[in-house]
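Data block for model_27.pdb (PDB, C-alpha atoms and all ligand atoms):
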ATOM      1  CA  MET B  90      32.983  -8.867  17.773
ATOM      2  CA  PRO B  91      36.233  -7.118  18.731
ATOM      3  CA  THR B  92      38.523  -9.125  20.969
ATOM      4  CA  PRO B  93      40.512  -7.463  23.722
ATOM      5  CA  CYS B  94      44.298  -7.322  23.499
ATOM      6  CA  CYS B  95      45.786 -10.068  25.673
ATOM      7  CA  ALA B  96      49.078  -8.330  26.372
ATOM      8  CA  PHE B  97      49.938  -6.356  29.471
ATOM      9  CA  ARG B  98      50.835  -2.657  29.753
ATOM     10  CA  ILE B  99      54.553  -2.494  30.338
ATOM     11  CA  SER B 100      54.257   0.530  32.611
ATOM     12  CA  ASP B 101      52.242  -1.266  35.298
ATOM     13  CA  LEU B 102      51.689  -4.768  33.864
ATOM     14  CA  ARG B 103      47.924  -4.435  34.032
ATOM     15  CA  PRO B 104      45.925  -6.125  31.255
ATOM     16  CA  CYS B 105      45.824  -3.939  28.132
ATOM     17  CA  ALA B 106      42.483  -2.206  27.540
ATOM     18  CA  ASN B 107      42.832  -1.913  23.739
ATOM     19  CA  THR B 108      41.173  -4.007  21.105
ATOM     20  CA  ALA B 109      43.273  -6.624  19.318
ATOM     21  CA  ARG B 110      44.168  -6.127  15.670
ATOM     22  CA  GLU B 111      42.183  -8.195  13.214
ATOM     23  CA  GLY B 112      43.579 -11.708  12.939
ATOM     24  CA  SER B 113      45.698 -11.179  16.035
ATOM     25  CA  ASP B 114      45.261 -11.414  19.785
ATOM     26  CA  VAL B 115      47.238  -8.270  20.567
ATOM     27  CA  CYS B 116      46.829  -4.554  19.722
ATOM     28  CA  HIS B 117      49.162  -2.616  17.457
ATOM     29  CA  ALA B 118      51.162  -1.203  20.357
ATOM     30  CA  HIS B 119      51.715  -4.704  21.755
ATOM     31  CA  ARG B 120      52.478  -6.473  18.484
ATOM     32  CA  ALA B 121      55.850  -7.658  19.814
ATOM     33  CA  PHE B 122      54.740  -8.461  23.361
ATOM     34  CA  TYR B 123      54.760 -12.211  22.821
ATOM     35  CA  ASN B 124      57.867 -12.236  20.691
ATOM     36  CA  LYS B 125      59.910 -14.889  22.454
ATOM     37  CA  ALA B 126      63.265 -13.140  22.243
ATOM     38  CA  SER B 127      62.003  -9.875  23.705
ATOM     39  CA  TRP B 128      59.826 -11.678  26.240
ATOM     40  CA  LEU B 129      62.841 -13.637  27.484
ATOM     41  CA  ASN B 130      64.907 -10.500  27.485
ATOM     42  CA  ARG B 131      62.267  -8.667  29.494
ATOM     43  CA  PHE B 132      61.421 -11.329  32.039
ATOM     44  CA  ALA B 133      64.258 -13.828  32.150
ATOM     45  CA  SER B 134      67.425 -11.859  31.729
ATOM     46  CA  LEU B 135      69.895 -11.797  34.562
ATOM     47  CA  ASN B 136      70.180  -8.020  34.386
ATOM     48  CA  SER B 137      66.491  -7.352  34.149
ATOM     49  CA  PRO B 138      65.148  -5.269  37.036
ATOM     50  CA  LEU B 139      61.863  -7.069  36.513
ATOM     51  CA  LEU B 140      63.010 -10.455  37.753
ATOM     52  CA  LEU B 141      60.891 -11.982  40.451
ATOM     53  CA  THR B 142      62.074 -11.962  43.995
ATOM     54  CA  GLY B 143      59.244 -13.327  46.036
ATOM     55  CA  LEU B 144      56.463 -15.723  45.045
ATOM     56  CA  VAL B 145      54.716 -14.800  48.252
ATOM     57  CA  PHE B 146      54.242 -11.089  47.678
ATOM     58  CA  GLY B 147      50.848  -9.412  47.860
ATOM     59  CA  GLU B 148      48.623  -9.575  44.802
ATOM     60  CA  ASN B 149      49.018  -5.909  43.997
ATOM     61  CA  THR B 150      52.763  -5.745  43.980
ATOM     62  CA  MET B 151      54.769  -5.395  40.796
ATOM     63  CA  LEU B 152      56.378  -8.780  41.482
ATOM     64  CA  ALA B 153      53.067 -10.567  41.718
ATOM     65  CA  ARG B 154      52.045  -8.982  38.402
ATOM     66  CA  ILE B 155      55.233 -10.150  36.690
ATOM     67  CA  GLU B 156      54.628 -13.610  38.060
ATOM     68  CA  HIS B 157      51.113 -13.441  36.668
ATOM     69  CA  VAL B 158      52.301 -12.368  33.193
ATOM     70  CA  VAL B 159      54.915 -15.140  33.065
ATOM     71  CA  GLU B 160      52.393 -17.715  34.200
ATOM     72  CA  TYR B 161      49.723 -16.487  31.770
ATOM     73  CA  SER B 162      52.130 -16.380  28.811
ATOM     74  CA  LEU B 163      53.182 -20.000  29.307
ATOM     75  CA  LYS B 164      49.846 -21.465  30.338
ATOM     76  CA  GLU B 165      47.956 -19.878  27.439
ATOM     77  CA  GLY B 166      50.620 -20.932  24.976
ATOM     78  CA  LYS B 167      51.476 -17.319  24.037
ATOM     79  CA  ILE B 168      55.083 -18.210  24.721
ATOM     80  CA  VAL B 169      56.238 -21.745  24.110
ATOM     81  CA  LEU B 170      59.594 -22.471  25.683
ATOM     82  CA  THR B 171      61.589 -25.353  24.266
ATOM     83  CA  LYS B 172      64.139 -27.470  26.055
ATOM     84  CA  LYS B 173      66.811 -25.432  24.274
ATOM     85  CA  ASP B 174      65.345 -22.089  25.439
ATOM     86  CA  VAL B 175      65.196 -23.279  29.025
ATOM     87  CA  ALA B 176      68.697 -24.735  28.955
ATOM     88  CA  ALA B 177      69.920 -21.343  27.727
ATOM     89  CA  LEU B 178      68.369 -19.378  30.617
ATOM     90  CA  PRO B 179      71.014 -17.429  32.515
ATOM     91  CA  SER B 180      72.174 -19.825  35.157
ATOM     92  CA  PRO B 181      74.954 -19.090  37.634
ATOM     93  CA  THR B 182      77.012 -22.003  38.939
ATOM     94  CA  PHE B 183      76.326 -23.360  42.384
ATOM     95  CA  ASP B 184      79.471 -21.793  43.845
ATOM     96  CA  THR B 185      78.731 -18.360  42.396
ATOM     97  CA  TRP B 186      75.209 -18.664  43.699
ATOM     98  CA  VAL B 187      76.299 -19.532  47.235
ATOM     99  CA  ARG B 188      78.559 -16.486  47.370
ATOM    100  CA  ASN B 189      76.045 -14.053  45.906
ATOM    101  CA  ARG B 190      72.935 -12.326  47.097
ATOM    102  CA  PRO B 191      70.212 -11.470  44.535
ATOM    103  CA  PRO B 192      69.717 -11.222  41.577
ATOM    104  CA  PHE B 193      70.338 -14.976  41.439
ATOM    105  CA  VAL B 194      67.568 -15.780  43.888
ATOM    106  CA  THR B 195      65.156 -14.060  41.527
ATOM    107  CA  LEU B 196      66.044 -16.469  38.741
ATOM    108  CA  VAL B 197      65.078 -19.316  40.999
ATOM    109  CA  ASP B 198      61.695 -17.739  41.596
ATOM    110  CA  LEU B 199      61.184 -17.333  37.892
ATOM    111  CA  TYR B 200      62.085 -20.973  37.321
ATOM    112  CA  THR B 201      59.695 -22.104  40.043
ATOM    113  CA  VAL B 202      56.849 -20.188  38.389
ATOM    114  CA  MET B 203      57.753 -21.656  34.986
ATOM    115  CA  VAL B 204      57.771 -25.215  36.310
ATOM    116  CA  ARG B 205      54.512 -24.594  38.156
ATOM    117  CA  THR B 206      52.735 -23.971  34.832
ATOM    118  CA  GLY B 207      53.484 -27.567  33.827
ATOM    119  CA  LYS B 208      54.966 -26.295  30.537
ATOM    120  CA  VAL B 209      58.598 -26.413  31.595
ATOM    121  CA  ASP B 210      60.259 -29.657  32.614
ATOM    122  CA  PRO B 211      62.474 -28.882  35.624
ATOM    123  CA  ARG B 212      65.193 -31.154  34.238
ATOM    124  CA  TRP B 213      65.651 -28.927  31.174
ATOM    125  CA  ASN B 214      67.917 -26.769  33.290
ATOM    126  CA  ARG B 215      69.530 -28.990  35.913
ATOM    127  CA  ASN B 216      71.488 -26.114  37.336
ATOM    128  CA  LEU B 217      68.407 -23.977  38.001
ATOM    129  CA  LEU B 218      66.669 -27.041  39.418
ATOM    130  CA  GLN B 219      69.498 -27.529  41.876
ATOM    131  CA  LEU B 220      69.598 -23.824  42.715
ATOM    132  CA  SER B 221      65.856 -23.862  43.345
ATOM    133  CA  LEU B 222      66.263 -26.658  45.871
ATOM    134  CA  ALA B 223      69.321 -24.965  47.336
ATOM    135  CA  THR B 224      67.503 -21.660  47.804
ATOM    136  CA  TYR B 225      64.857 -23.359  49.873
ATOM    137  CA  ALA B 226      67.384 -25.473  51.755
ATOM    138  CA  LYS B 227      69.361 -22.369  52.617
ATOM    139  CA  MET B 228      66.267 -20.593  53.918
ATOM    140  CA  TYR B 229      65.392 -23.608  56.022
ATOM    141  CA  ALA B 230      67.414 -22.527  59.005
ATOM    142  CA  TRP B 231      66.782 -21.934  62.678
ATOM    143  CA  GLU B 232      66.831 -18.123  62.325
ATOM    144  CA  MET B 233      64.050 -18.405  59.747
ATOM    145  CA  ARG B 234      61.861 -20.832  61.660
ATOM    146  CA  ASP B 235      59.015 -18.342  62.206
ATOM    147  CA  MET B 236      58.902 -17.158  58.611
ATOM    148  CA  LEU B 237      59.848 -20.158  56.519
ATOM    149  CA  PRO B 238      58.588 -19.902  52.966
ATOM    150  CA  ASN B 239      55.801 -22.285  52.151
ATOM    151  CA  PHE B 240      57.099 -25.752  51.188
ATOM    152  CA  GLU B 241      54.273 -26.362  48.736
ATOM    153  CA  THR B 242      54.881 -23.066  46.896
ATOM    154  CA  ARG B 243      58.639 -23.435  46.623
ATOM    155  CA  ILE B 244      59.195 -27.185  46.260
ATOM    156  CA  GLY B 245      55.763 -28.599  45.375
ATOM    157  CA  PRO B 246      55.999 -27.760  41.640
ATOM    158  CA  PHE B 247      59.249 -29.729  41.325
ATOM    159  CA  LEU B 248      57.965 -32.763  43.216
ATOM    160  CA  ARG B 249      54.791 -32.936  41.164
ATOM    161  CA  TYR B 250      56.475 -32.901  37.782
ATOM    162  CA  PRO B 251      55.719 -36.141  35.919
ATOM    163  CA  GLY B 252      58.846 -38.131  35.202
ATOM    164  CA  GLU B 253      60.835 -36.503  37.966
ATOM    165  CA  LYS B 254      61.828 -38.758  40.851
ATOM    166  CA  PRO B 255      60.436 -36.929  43.867
ATOM    167  CA  HIS B 256      62.359 -38.944  46.430
ATOM    168  CA  GLU B 257      65.659 -38.114  44.750
ATOM    169  CA  LEU B 258      64.820 -34.403  44.780
ATOM    170  CA  VAL B 259      63.965 -34.706  48.448
ATOM    171  CA  MET B 260      67.353 -36.252  49.090
ATOM    172  CA  VAL B 261      69.142 -33.450  47.245
ATOM    173  CA  LEU B 262      67.165 -30.943  49.300
ATOM    174  CA  LEU B 263      68.120 -32.619  52.583
ATOM    175  CA  VAL B 264      71.757 -32.975  51.578
ATOM    176  CA  ILE B 265      72.110 -29.308  50.680
ATOM    177  CA  GLN B 266      70.296 -28.235  53.814
ATOM    178  CA  ARG B 267      72.605 -30.316  56.038
ATOM    179  CA  ALA B 268      75.613 -28.830  54.298
ATOM    180  CA  PHE B 269      74.358 -25.280  54.868
ATOM    181  CA  LEU B 270      73.443 -25.945  58.469
ATOM    182  CA  GLN B 271      76.832 -27.424  59.195
ATOM    183  CA  ALA B 272      78.653 -24.559  57.563
ATOM    184  CA  ARG B 273      76.967 -22.010  59.794
ATOM    185  CA  HIS B 274      78.981 -20.384  62.505
ATOM    186  CA  MET B 275      77.075 -21.526  65.513
ATOM    187  CA  ARG B 276      78.075 -22.122  69.070
ATOM    188  CA  ALA B 277      79.010 -25.717  69.771
ATOM    189  CA  ALA B 278      75.854 -26.375  71.773
ATOM    190  CA  GLU B 279      73.632 -25.081  68.991
ATOM    191  CA  ARG B 280      75.593 -26.929  66.360
ATOM    192  CA  ARG B 281      74.803 -30.194  68.084
ATOM    193  CA  HIS B 282      71.019 -29.834  68.156
ATOM    194  CA  ILE B 283      69.723 -27.300  65.683
ATOM    195  CA  PRO B 284      70.713 -29.021  62.410
ATOM    196  CA  ASP B 285      68.885 -32.131  63.577
ATOM    197  CA  ILE B 286      65.751 -30.240  64.564
ATOM    198  CA  MET B 287      65.613 -28.413  61.257
ATOM    199  CA  SER B 288      66.384 -31.509  59.167
ATOM    200  CA  ARG B 289      63.699 -33.482  60.936
ATOM    201  CA  GLN B 290      61.196 -30.703  60.285
ATOM    202  CA  LEU B 291      62.175 -30.521  56.616
ATOM    203  CA  ALA B 292      61.980 -34.305  56.222
ATOM    204  CA  GLU B 293      58.515 -34.226  57.807
ATOM    205  CA  GLU B 294      57.416 -31.596  55.291
ATOM    206  CA  CYS B 295      58.750 -33.645  52.390
ATOM    207  CA  PHE B 296      56.884 -36.758  53.469
ATOM    208  CA  LYS B 297      53.617 -34.851  53.706
ATOM    209  CA  THR B 298      53.759 -34.446  49.911
ATOM    210  CA  GLU B 299      51.609 -36.987  48.103
ATOM    211  CA  SER B 300      54.302 -38.096  45.651
ATOM    212  CA  VAL B 301      56.951 -38.543  48.333
ATOM    213  CA  LYS B 302      54.673 -40.205  50.894
ATOM    214  CA  ARG B 303      54.610 -43.385  48.792
ATOM    215  CA  THR B 304      58.347 -43.826  48.992
ATOM    216  CA  ALA B 305      58.142 -44.137  52.776
ATOM    217  CA  LEU B 306      57.936 -47.843  52.010
ATOM    218  CA  TYR B 307      61.632 -47.917  51.157
ATOM    219  CA  SER B 308      63.778 -49.090  54.021
ATOM    220  CA  THR B 309      66.009 -46.709  55.942
ATOM    221  CA  GLU B 310      68.997 -48.493  54.388
ATOM    222  CA  GLU B 311      67.718 -47.835  50.882
ATOM    223  CA  TRP B 312      67.067 -44.191  51.764
ATOM    224  CA  MET B 313      70.539 -43.834  53.255
ATOM    225  CA  ARG B 314      72.055 -45.365  50.138
ATOM    226  CA  ILE B 315      70.275 -42.802  47.917
ATOM    227  CA  LEU B 316      71.177 -40.017  50.344
ATOM    228  CA  GLN B 317      74.867 -40.841  50.335
ATOM    229  CA  LYS B 318      74.866 -41.155  46.547
ATOM    230  CA  LYS B 319      73.279 -37.705  46.221
ATOM    231  CA  ALA B 320      75.521 -36.260  48.892
ATOM    232  CA  SER B 321      78.708 -37.286  47.118
ATOM    233  CA  ALA B 322      77.374 -36.210  43.746
ATOM    234  CA  VAL B 323      75.870 -32.888  44.753
ATOM    235  CA  HIS B 324      78.043 -31.602  47.497
ATOM    236  CA  ASN B 325      80.964 -33.894  48.096
ATOM    237  CA  TYR B 326      79.551 -34.282  51.531
ATOM    238  CA  ASN B 327      79.537 -37.147  54.002
ATOM    239  CA  VAL B 328      76.245 -37.983  55.643
ATOM    240  CA  GLU B 329      76.656 -38.148  59.404
ATOM    241  CA  PRO B 330      75.050 -40.888  61.522
ATOM    242  CA  SER B 331      72.534 -38.495  63.125
ATOM    243  CA  VAL B 332      70.806 -38.231  59.740
ATOM    244  CA  LYS B 333      70.125 -41.945  59.804
ATOM    245  CA  ALA B 334      68.408 -41.616  63.159
ATOM    246  CA  ILE B 335      66.232 -38.788  61.840
ATOM    247  CA  LEU B 336      65.329 -40.703  58.691
ATOM    248  CA  THR B 337      64.548 -43.858  60.651
ATOM    249  CA  ASP B 338      62.091 -41.949  62.847
ATOM    250  CA  VAL B 339      60.405 -40.023  60.069
ATOM    251  CA  LEU B 340      60.181 -43.072  57.814
ATOM    252  CA  SER B 341      58.791 -45.431  60.405
ATOM    253  CA  LYS B 342      56.050 -42.933  61.182
ATOM    254  CA  HIS B 343      55.105 -42.414  57.538
ATOM    255  CA  ARG B 344      55.558 -46.069  56.610
ATOM    256  CA  THR B 345      52.771 -47.027  58.994
ATOM    257  CA  ASP B 346      50.479 -44.453  57.373
ATOM    258  CA  ALA B 347      51.428 -45.549  53.863
ATOM    259  CA  LYS B 348      50.689 -49.191  54.636
ATOM    260  CA  LYS B 349      47.415 -48.270  56.317
ATOM    261  CA  GLU B 350      46.253 -46.317  53.279
ATOM    262  CA  ILE B 351      47.100 -49.196  50.994
ATOM    263  CA  ARG B 352      45.256 -51.629  53.191
ATOM    264  CA  LEU B 353      42.214 -49.374  52.942
ATOM    265  CA  GLY B 354      42.532 -49.621  49.155
ATOM    266  CA  MET B 355      42.503 -45.874  48.697
ATOM    267  CA  ASP B 356      44.795 -45.397  45.759
ATOM    268  CA  PRO B 357      45.394 -47.853  42.915
ATOM    269  CA  LEU B 358      48.786 -46.262  42.200
ATOM    270  CA  LYS B 359      49.918 -46.946  45.714
ATOM    271  CA  ARG B 360      48.584 -50.488  45.481
ATOM    272  CA  ASP B 361      50.735 -51.023  42.370
ATOM    273  CA  LEU B 362      53.723 -49.630  44.164
ATOM    274  CA  ILE B 363      53.304 -51.800  47.192
ATOM    275  CA  GLU B 364      52.834 -54.862  45.018
ATOM    276  CA  ALA B 365      56.063 -54.085  43.205
ATOM    277  CA  THR B 366      57.827 -53.255  46.419
ATOM    278  CA  TRP B 367      56.622 -56.311  48.233
ATOM    279  CA  HIS B 368      57.501 -58.607  45.370
ATOM    280  CA  PRO B 369      59.717 -61.288  46.961
ATOM    281  CA  SER B 370      62.654 -60.262  44.776
ATOM    282  CA  ARG B 371      62.628 -56.716  46.126
ATOM    283  CA  PHE B 372      61.040 -56.979  49.516
ATOM    284  CA  GLU B 373      64.197 -57.750  51.418
ATOM    285  CA  ALA B 374      66.375 -55.130  49.754
ATOM    286  CA  TRP B 375      63.862 -52.303  49.745
ATOM    287  CA  CYS B 376      61.650 -52.745  52.731
ATOM    288  CA  LEU B 377      63.742 -54.111  55.525
ATOM    289  CA  ASP B 378      66.294 -52.322  57.632
ATOM    290  CA  GLU B 379      69.547 -54.126  58.331
ATOM    291  CA  ASP B 380      68.267 -55.140  61.769
ATOM    292  CA  GLU B 381      65.034 -56.458  60.349
ATOM    293  CA  LYS B 382      66.979 -58.437  57.773
ATOM    294  CA  LYS B 383      69.051 -60.078  60.487
ATOM    295  CA  GLU B 384      65.882 -60.791  62.417
ATOM    296  CA  ASN B 385      64.352 -62.264  59.289
ATOM    297  CA  SER B 386      67.253 -64.550  58.525
ATOM    298  CA  ALA B 387      67.465 -65.551  62.175
ATOM    299  CA  MET B 388      63.784 -66.384  62.064
ATOM    300  CA  PHE B 389      64.145 -68.673  59.071
ATOM    301  CA  ALA B 390      67.517 -70.126  59.953
TER     302      ALA B 390
HETATM  303 ZN    ZN A 401      47.600  -4.018  23.891
END
Serialized structure, structure tokens:
Amino acid sequence: MPTPCCAFRISDLRPCANTAREGSDVCHAHRAFYNKASWLNRFASLNSPLLLTGLVFGENTMLARIEHVVEYSLKEGKIVLTKKDVAALPSPTFDTWVRNRPPFVTLVDLYTVMVRTGKVDPRWNRNLLQLSLATYAKMYAWEMRDMLPNFETRIGPFLRYPGEKPHELVMVLLVIQRAFLQARHMRAAERRHIPDIMSRQLAEECFKTESVKRTALYSTEEWMRILQKKASAVHNYNVEPSVKAILTDVLSKHRTDAKKEIRLGMDPLKRDLIEATWHPSRFEAWCLDEDEKKENSAMFA
């Protein structure tokens, strides 16, 4: 039985209607479609007009079709990207990125789609990982509040990647967002309130994610320690005290939920985590805020 060609017509990126050559999964015209070098050149080159720019475009747009081809190629194993291939993807520096409009944003979209397939480890290109977080952080501003891109679509794939530390990614995201918000030219009155409102909203979104929810059991102090570490490393940025207040609120709310779920015995993974976290050797350092620690020592003094 003849098998259909599994390449896509370059003119409109619709599935090819030809029959595949014997012993192959593509037709004669598409014999080089899944050649890695030309595939990368076509879809992942900085100068390519075909780079993605959206992720949320309608199904019938050219961009959605490119996204589909990239996703299909990786998921079906037609293109297998190695760590080396991914590290070699065109990747502007953070500073260049901040100063430029597209096409750099499109690279981030491409990377998000690649990671979403589960075939590309986001850490293979640390720079694109950081730019992906930064793109979202930059969009997460007051002016965009009615049309914010979907958190799950843009950040979800990175948080779900096995081996990645979701809470550290969340911290990078928050750090970059604070830096962007502070750099904005806003009136003094706005500058006082808006960054806090937006950061709180972003933190809330992060903690709704399954993999991040669990880490609500860390104390505010532990979170602040990670935040400051990320802030100095990523952006040479000092975390202001208002962030601590936001984190304290968001954490205390989600900590109650996390504990409740564990008590209900819903998730063995979470049970393991809470056992490790509540181990006497870690409990004090991880789970108690400074005030609670003082209270604790006062109690047992
Ligand atoms: Zn074909």
On this structure, the PyMOL selection byres (((chain B and resi 330-332) around 10) and not hetatm) would catch which residues? List them as a short mmCIF file (atom, residue, chain, number, x, y, z; two decimals) with C-alpha atoms, in the coordinates of the input, sorted by chain and number.
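Okay, part01.cif is ready:
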data_model
loop_
_atom_site.label_atom_id
_atom_site.label_comp_id
_atom_site.auth_asym_id
_atom_site.auth_seq_id
_atom_site.Cartn_x
_atom_site.Cartn_y
_atom_site.Cartn_z
CA LEU B 263 68.12 -32.62 52.58
CA VAL B 264 71.76 -32.98 51.58
CA ARG B 267 72.60 -30.32 56.04
CA ARG B 281 74.80 -30.19 68.08
CA PRO B 284 70.71 -29.02 62.41
CA ASP B 285 68.89 -32.13 63.58
CA SER B 288 66.38 -31.51 59.17
CA ARG B 289 63.70 -33.48 60.94
CA MET B 313 70.54 -43.83 53.26
CA LEU B 316 71.18 -40.02 50.34
CA ASN B 327 79.54 -37.15 54.00
CA VAL B 328 76.24 -37.98 55.64
CA GLU B 329 76.66 -38.15 59.40
CA LYS B 333 70.12 -41.94 59.80
CA ALA B 334 68.41 -41.62 63.16
CA ILE B 335 66.23 -38.79 61.84
CA LEU B 336 65.33 -40.70 58.69
CA THR B 337 64.55 -43.86 60.65
CA ASP B 338 62.09 -41.95 62.85
#
The PyMOL selection byres (((chain B and resi 207-213) around 12) and not hetatm) applied to the shown file, residues as a ChimeraX atom specification | /B:159-178,180,197,199-206,214-222,244-255,258
Could the residues in this selection be written to a file with C-alpha atoms, as a compact mmCIF listing (two decimals), in the frame of the given file?
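That gives us selection.txt:
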# COMPACT_ATOMS: atom_id res chain seq x y z
CA VAL B 159 54.92 -15.14 33.06
CA GLU B 160 52.39 -17.72 34.20
CA TYR B 161 49.72 -16.49 31.77
CA SER B 162 52.13 -16.38 28.81
CA LEU B 163 53.18 -20.00 29.31
CA LYS B 164 49.85 -21.46 30.34
CA GLU B 165 47.96 -19.88 27.44
CA GLY B 166 50.62 -20.93 24.98
CA LYS B 167 51.48 -17.32 24.04
CA ILE B 168 55.08 -18.21 24.72
CA VAL B 169 56.24 -21.74 24.11
CA LEU B 170 59.59 -22.47 25.68
CA THR B 171 61.59 -25.35 24.27
CA LYS B 172 64.14 -27.47 26.06
CA LYS B 173 66.81 -25.43 24.27
CA ASP B 174 65.34 -22.09 25.44
CA VAL B 175 65.20 -23.28 29.02
CA ALA B 176 68.70 -24.74 28.96
CA ALA B 177 69.92 -21.34 27.73
CA LEU B 178 68.37 -19.38 30.62
CA SER B 180 72.17 -19.82 35.16
CA VAL B 197 65.08 -19.32 41.00
CA LEU B 199 61.18 -17.33 37.89
CA TYR B 200 62.08 -20.97 37.32
CA THR B 201 59.70 -22.10 40.04
CA VAL B 202 56.85 -20.19 38.39
CA MET B 203 57.75 -21.66 34.99
CA VAL B 204 57.77 -25.22 36.31
CA ARG B 205 54.51 -24.59 38.16
CA THR B 206 52.74 -23.97 34.83
CA ASN B 214 67.92 -26.77 33.29
CA ARG B 215 69.53 -28.99 35.91
CA ASN B 216 71.49 -26.11 37.34
CA LEU B 217 68.41 -23.98 38.00
CA LEU B 218 66.67 -27.04 39.42
CA GLN B 219 69.50 -27.53 41.88
CA LEU B 220 69.60 -23.82 42.72
CA SER B 221 65.86 -23.86 43.34
CA LEU B 222 66.26 -26.66 45.87
CA ILE B 244 59.20 -27.18 46.26
CA GLY B 245 55.76 -28.60 45.38
CA PRO B 246 56.00 -27.76 41.64
CA PHE B 247 59.25 -29.73 41.32
CA LEU B 248 57.96 -32.76 43.22
CA ARG B 249 54.79 -32.94 41.16
CA TYR B 250 56.48 -32.90 37.78
CA PRO B 251 55.72 -36.14 35.92
CA GLY B 252 58.85 -38.13 35.20
CA GLU B 253 60.84 -36.50 37.97
CA LYS B 254 61.83 -38.76 40.85
CA PRO B 255 60.44 -36.93 43.87
CA LEU B 258 64.82 -34.40 44.78
8 Å shell around ligand ZN 401 (chain A) using all atoms listed in the file, listed as a PyMOL selection string | chain B and resi 93-98+104-109+115-120
Atomic separation - atom CA of Cys295 of chain B relative to atom CA of Val259 of chain B, Å |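 That distance, rounded to one decimal, is 6.6 Å.
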Using only C-alpha atoms, find the one residue out of B:Gln290, B:Pro181, B:Asp101, B:Glu111 that sits nearest to Ile155 of chain B.
->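 Result for the nearest residue to Ile155 of chain B: B:Asp101.
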Using the chain letters and numbers from the file, give me the residues hit by the PyMOL selection byres (((chain B and resi 340) around 8) and not hetatm), as JSON, numbers by chain.
-> {"B": [305, 306, 308, 309, 336, 337, 338, 339, 341, 342, 343, 344]}
Atom CA of Asp346 of chain B and atom CA of Ser300 of chain B are how many Å apart?
-> 13.9 Å
Interatomic distance, atom CA of Gln271 of chain B to atom CA of Ala322 of chain B (Å, one decimal) =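 Value for the atom CA of Gln271 of chain B-atom CA of Ala322 of chain B distance: 17.8 Å.
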With all atoms listed in the file as the basis for distance, which of B:Arg131, B:Glu299, B:Gln317, B:Ala230 is at the shortest distance from Ala272 of chain B?
->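 Smallest distance to Ala272 of chain B is found for B:Ala230.
Each of B:His282, B:Tyr225, B:Pro91, B:Lys125 was compared to Pro238 of chain B using all atoms listed in the file, and B:Tyr225 turns out to be the nearest.
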Write out N, CA and C atoms for segment 155-168 of chain B, as a PDB file, in the coordinates of the input.
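Dumped everything to result-v8.pdb:
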ATOM      1  N   ILE B 155      54.286  -9.515  37.615  1.00  0.00           N
ATOM      2  CA  ILE B 155      55.233 -10.150  36.690  1.00  0.00           C
ATOM      3  C   ILE B 155      55.015 -11.664  36.711  1.00  0.00           C
ATOM      4  N   GLU B 156      54.876 -12.181  37.921  1.00  0.00           N
ATOM      5  CA  GLU B 156      54.628 -13.610  38.060  1.00  0.00           C
ATOM      6  C   GLU B 156      53.381 -14.010  37.264  1.00  0.00           C
ATOM      7  N   HIS B 157      52.364 -13.166  37.372  1.00  0.00           N
ATOM      8  CA  HIS B 157      51.113 -13.441  36.668  1.00  0.00           C
ATOM      9  C   HIS B 157      51.328 -13.445  35.148  1.00  0.00           C
ATOM     10  N   VAL B 158      52.058 -12.459  34.641  1.00  0.00           N
ATOM     11  CA  VAL B 158      52.301 -12.368  33.193  1.00  0.00           C
ATOM     12  C   VAL B 158      53.080 -13.594  32.697  1.00  0.00           C
ATOM     13  N   VAL B 159      54.106 -13.980  33.450  1.00  0.00           N
ATOM     14  CA  VAL B 159      54.915 -15.140  33.065  1.00  0.00           C
ATOM     15  C   VAL B 159      54.039 -16.395  33.045  1.00  0.00           C
ATOM     16  N   GLU B 160      53.258 -16.551  34.090  1.00  0.00           N
ATOM     17  CA  GLU B 160      52.393 -17.715  34.200  1.00  0.00           C
ATOM     18  C   GLU B 160      51.355 -17.741  33.065  1.00  0.00           C
ATOM     19  N   TYR B 161      50.733 -16.590  32.829  1.00  0.00           N
ATOM     20  CA  TYR B 161      49.723 -16.487  31.770  1.00  0.00           C
ATOM     21  C   TYR B 161      50.339 -16.799  30.404  1.00  0.00           C
ATOM     22  N   SER B 162      51.488 -16.201  30.117  1.00  0.00           N
ATOM     23  CA  SER B 162      52.130 -16.380  28.811  1.00  0.00           C
ATOM     24  C   SER B 162      52.380 -17.854  28.512  1.00  0.00           C
ATOM     25  N   LEU B 163      52.851 -18.588  29.521  1.00  0.00           N
ATOM     26  CA  LEU B 163      53.182 -20.000  29.307  1.00  0.00           C
ATOM     27  C   LEU B 163      51.927 -20.864  29.278  1.00  0.00           C
ATOM     28  N   LYS B 164      51.049 -20.629  30.238  1.00  0.00           N
ATOM     29  CA  LYS B 164      49.846 -21.465  30.338  1.00  0.00           C
ATOM     30  C   LYS B 164      48.955 -21.337  29.108  1.00  0.00           C
ATOM     31  N   GLU B 165      48.831 -20.112  28.595  1.00  0.00           N
ATOM     32  CA  GLU B 165      47.956 -19.878  27.439  1.00  0.00           C
ATOM     33  C   GLU B 165      48.656 -20.162  26.123  1.00  0.00           C
ATOM     34  N   GLY B 166      49.896 -20.597  26.197  1.00  0.00           N
ATOM     35  CA  GLY B 166      50.620 -20.932  24.976  1.00  0.00           C
ATOM     36  C   GLY B 166      51.057 -19.725  24.164  1.00  0.00           C
ATOM     37  N   LYS B 167      51.020 -18.524  24.758  1.00  0.00           N
ATOM     38  CA  LYS B 167      51.476 -17.319  24.037  1.00  0.00           C
ATOM     39  C   LYS B 167      52.985 -17.387  23.830  1.00  0.00           C
ATOM     40  N   ILE B 168      53.640 -17.973  24.818  1.00  0.00           N
ATOM     41  CA  ILE B 168      55.083 -18.210  24.721  1.00  0.00           C
ATOM     42  C   ILE B 168      55.297 -19.706  24.917  1.00  0.00           C
TER      43      ILE B 168
END
